[in-house]
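Reviewing the structure listed below.
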Amino acid sequence: MTATPTAGPAGGPPSPTSTPSRPEAHPGPASTGSRATRVIGLLALVAIGLLALYGLVISPADAEMADAVRLYYIHVPSAICLALGCFITTGASALWLRRRSAGWDALAEAGAEVALVFAAITLLTGSLWGRPTWGTYWTWDARLTSTAVLTALLVGYLALRRLDLDPDARSVRAAVLGLLLVPNFIVVNRSVEWWRSLHQESTLFRLDPAIEGDMLVAAMVGYLAFALVFTWLMIHRFRVAWLEQAADRVDLDAALAARRSEAQAPPSAPSAPTEPSEPSAAAPAAPVEPSGAATPTEVPSR
Amino acid sequence: MWRDATLVAGRDLRIEARSRVTLHQVAPFALLVLLLFGFALDPDRGVLERATPGLYWVTVLFSALLALARSAKLEEADGVRDALRLSALEPAGVFVGKTLAVAAELAALEVLLGIGVVILYGADPAEIGLLLTTCLAATVAVATTGTLYGALVSGLRVRETLLPLLLLPVLAPVLIGATRAFEAALAGTPADGWPWCGLLAVFAVLYSVAGALAYGTLLEGS
């Protein structure tokens, strides 16, 4: 943002009289952590410790699946987190297309990236599970196959996001792609299930054993731990995306201001090539007390 | 909208008629892939025969990638994108027009590949009705999806590598449906194939609507 005294949203035309100086603090979080995230992070660590205790020590091995059942406690929660991240991306993309505010864009990016992490965990634990249970790491099971396709969809989305493009153009394209993410997955999933059901005589062992007692507790702790980890990751990833956008703007505005001051400088002064703005402008201003929640603030995009 | 679509489709096909990129490069490439499959899978052991439907559609998808990249590239030269924006043509019409042009090219390609498969792999096109309907539905499905995703990557330096990454996972259901329908047709059990044809039709309709709605945003926004 430029140093216009009245500078509001970043979209406003900067006044040509301003001299380059420190950019104003970007509204919103200035770091990726806050008291709330520290609490969530601590709780998540405690929950992971509990999960390890319950999942690996206290809960008994299953009668049929033996120790492989312990994978259940992380496989299912991570699959749920994967779905959640995808829904967040699609929802945020739709809202971005409607509102065009930078927060939704950042949320869509955060959702997809976190979802990809959980997709990797889901696939990994799924195939580790498959080895003792099905006797093979990979099988053309409907869920496994469509999860693999979903992972490819997420990778494609993030590849588009990583491109060095004009930020607005990138946001438009990413939003259209993000909007299609969940519908694409539903179509793929339906068709793959249909495909496998026609070709597979017997349904494979499914990951939903009836559980009780300590196993139930372990499963519940698993859900809790992954919910906390997911929330923590989402908040931090959202803020990183937000700060990236802010940093882009700061750099751009500093460059604009520098060029403007060059143009205003008397042409007969060839000396003094000192650029006071660049070094200080590169660093964001004094951090504001970050707000606790990750709800995207409505800030008009550029 | 349909008038705009005809205009755009006419333009794309005219460019193709004059540049002959699909005819002179994509079609030979497709036939070459058929030959390569022959080398990879020993033609004597019946593997080729059994895999014919899948190989056919994989070849169609790969060739379609080339045709789609070409179609998206037409919008980049000489500021065509800006001209389209200024031309007051309906974005949905532009989308439908580009889809129709690509679909026409793909259909020609599929006929050619069909002849190739009959000659090279010894396929027996008995259930011609199911084969043609499958081709029609799958062509529209690939063309709509591809035009939409082509617009997503058009103008990017990395579009040649990004388009397959974005498009192929989305087209997985088309590959499944078209292959199953072809298998049924070649095996002489068309009743098994028609549901898959229905899946292709639903897919084509879904992505036609999505593309027509999203194309304007993409055209304006980048």
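Here, A, B, ... name the chains of the structure tokens in the order displayed, residue numbers run from 1 inside each chain, and ligands are numbered from 1 in the same displayed order.
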Wanna dump the chain A-chain B contacts at 9 Å for me, each residue with its shortest atom pair and the distance in Å to one decimal, counting only C-alpha atoms, ordered by chain and number, as a Markdown table?
| residue | atom | partner | partner_atom | distance |
| --- | --- | --- | --- | --- |
| A:Leu97 | CA | B:Thr217 | CA | 8.7 |
| A:Val149 | CA | B:Pro169 | CA | 5.8 |
| A:Leu150 | CA | B:Pro169 | CA | 7.8 |
| A:Ala152 | CA | B:Pro169 | CA | 6.4 |
| A:Leu153 | CA | B:Pro169 | CA | 6.3 |
| A:Val155 | CA | B:Leu165 | CA | 8.2 |
| A:Gly156 | CA | B:Leu166 | CA | 5.1 |
| A:Tyr157 | CA | B:Leu166 | CA | 7.4 |
| A:Ala159 | CA | B:Leu162 | CA | 7.8 |
| A:Leu160 | CA | B:Leu162 | CA | 7.7 |
| A:Leu163 | CA | B:Leu156 | CA | 8.6 |
| A:Leu165 | CA | B:Leu156 | CA | 8.1 |
| A:Asp166 | CA | B:Ser222 | CA | 8.4 |
| A:Asp168 | CA | B:Gly221 | CA | 7.4 |
| A:Ala169 | CA | B:Ser222 | CA | 4.5 |
| A:Arg170 | CA | B:Ser222 | CA | 7.7 |
| A:Ser171 | CA | B:Gly221 | CA | 8.7 |
| A:Val172 | CA | B:Gly221 | CA | 5.9 |
| A:Arg173 | CA | B:Leu152 | CA | 5.7 |
| A:Ala174 | CA | B:Leu152 | CA | 8.4 |
| A:Val176 | CA | B:Ala214 | CA | 7.0 |
| A:Leu177 | CA | B:Leu152 | CA | 7.8 |
| A:Leu180 | CA | B:Ala210 | CA | 8.6 |
| A:Asn184 | CA | B:Val170 | CA | 6.2 |
| A:Phe185 | CA | B:Val170 | CA | 8.1 |
| A:Val187 | CA | B:Pro173 | CA | 7.3 |
| A:Val188 | CA | B:Pro173 | CA | 5.6 |
| A:Asn189 | CA | B:Pro173 | CA | 8.6 |
| A:Arg190 | CA | B:Pro173 | CA | 8.7 |
| A:Ser191 | CA | B:Pro173 | CA | 5.7 |
| A:Val192 | CA | B:Pro173 | CA | 7.1 |
| A:Trp195 | CA | B:Ile176 | CA | 7.3 |
Which residues come within 9 Å of B:Thr6, counting only C-alpha atoms, excluding same-chain residues fewer than 3 positions away, as number ranges by chain? B: 1-3, 9-11, 93-94, 96-97, 100
Give me the residues near stretch 45-48 of chain B as JSON, numbers by chain, where near means some atom within 10 Å (using only C-alpha atoms) and where sequence neighbours in that chain fewer than 5 positions away do not count. {"B": [37, 38, 39, 40, 53, 54, 55, 120, 121, 122, 123]}
Only C-alpha atoms, please: the residues just picked out, written as a PDB file, in the first residue's frame.
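So the final result, stored in again.pdb, reads:
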ATOM      1  CA  PHE B  37       1.043 -49.577 -29.273  1.00  0.00           C
ATOM      2  CA  GLY B  38       1.496 -52.355 -31.795  1.00  0.00           C
ATOM      3  CA  PHE B  39       5.217 -52.416 -31.056  1.00  0.00           C
ATOM      4  CA  ALA B  40       4.692 -52.237 -27.297  1.00  0.00           C
ATOM      5  CA  PRO B  53     -11.005 -50.007 -26.915  1.00  0.00           C
ATOM      6  CA  GLY B  54      -8.685 -48.642 -24.245  1.00  0.00           C
ATOM      7  CA  LEU B  55      -5.840 -47.970 -26.662  1.00  0.00           C
ATOM      8  CA  LEU B 120      -4.144 -52.490 -37.792  1.00  0.00           C
ATOM      9  CA  TYR B 121      -5.740 -54.191 -34.789  1.00  0.00           C
ATOM     10  CA  GLY B 122      -8.367 -56.191 -36.613  1.00  0.00           C
ATOM     11  CA  ALA B 123     -11.289 -54.762 -34.663  1.00  0.00           C
TER      12      ALA B 123
END
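Shortest separation to B:Gly129 among B:Cys197, B:Ala77, B:Ala83, B:Ala103 occurs at residue B:Cys197, atoms counted being only C-alpha atoms.
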List the spatial neighbours of B:Val111 as a PyMOL selection string - criterion: any atom at most 10 Å away, only C-alpha atoms, same-chain residues fewer than 5 positions off excluded. chain B and resi 106+116-117+132+135
Include N, CA and C atoms and write out the residues we just selected as a PDB file, in the first residue's frame.
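And here is the file that came out, part_26.pdb:
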ATOM      1  N   LEU B 106     -12.028 -33.356 -33.774  1.00  0.00           N
ATOM      2  CA  LEU B 106     -11.896 -34.628 -33.071  1.00  0.00           C
ATOM      3  C   LEU B 106     -12.682 -35.730 -33.763  1.00  0.00           C
ATOM      4  N   GLY B 116      -8.035 -46.918 -38.705  1.00  0.00           N
ATOM      5  CA  GLY B 116      -6.738 -47.454 -38.331  1.00  0.00           C
ATOM      6  C   GLY B 116      -6.865 -48.668 -37.430  1.00  0.00           C
ATOM      7  N   VAL B 117      -7.774 -48.601 -36.462  1.00  0.00           N
ATOM      8  CA  VAL B 117      -7.937 -49.701 -35.520  1.00  0.00           C
ATOM      9  C   VAL B 117      -8.474 -50.936 -36.234  1.00  0.00           C
ATOM     10  N   LEU B 132     -21.004 -45.225 -32.806  1.00  0.00           N
ATOM     11  CA  LEU B 132     -21.136 -43.833 -33.245  1.00  0.00           C
ATOM     12  C   LEU B 132     -21.682 -42.951 -32.128  1.00  0.00           C
ATOM     13  N   CYS B 135     -18.958 -42.294 -29.676  1.00  0.00           N
ATOM     14  CA  CYS B 135     -18.023 -41.318 -30.233  1.00  0.00           C
ATOM     15  C   CYS B 135     -18.588 -39.909 -30.112  1.00  0.00           C
TER      16      CYS B 135
END
Which distance in Å separates atom CA of B:Thr134 and atom CA of A:Gly178, to one decimal?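 Atom CA of A:Gly178 lies 29.3 Å from atom CA of B:Thr134.
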Counting only C-alpha atoms, the residue of B:Ala184, B:Lys98, B:Leu109, B:Ala212 that sits nearest B:His24: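 Closest to B:His24 of all the choices is B:Leu109.
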List the spatial neighbours of A:Leu233 as number ranges by chain - criterion: any atom at most 10 Å away, only C-alpha atoms, same-chain residues fewer than 3 positions off excluded. A: 37, 40-41, 110-111, 113-114, 227-230, 236-239
Excluding stretch 14-19 of chain B and any residue of its chain fewer than 5 positions from it, enumerate the residues within 10 Å of it, using only C-alpha atoms, and give them as a PyMOL selection string. chain B and resi 8-9+24+70-71+74+101+105
Skipping near chain neighbours, those fewer than 2 positions away, what residues fall within 9 Å of A:Ala68 using only C-alpha atoms, listed as a list in words?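 In the requested format, the answer is Ala61, Asp62, Met65, Ala66, Arg70, Leu71, Tyr72, Leu128, Trp129, Gly130, Pro132 and Thr133 of chain A.
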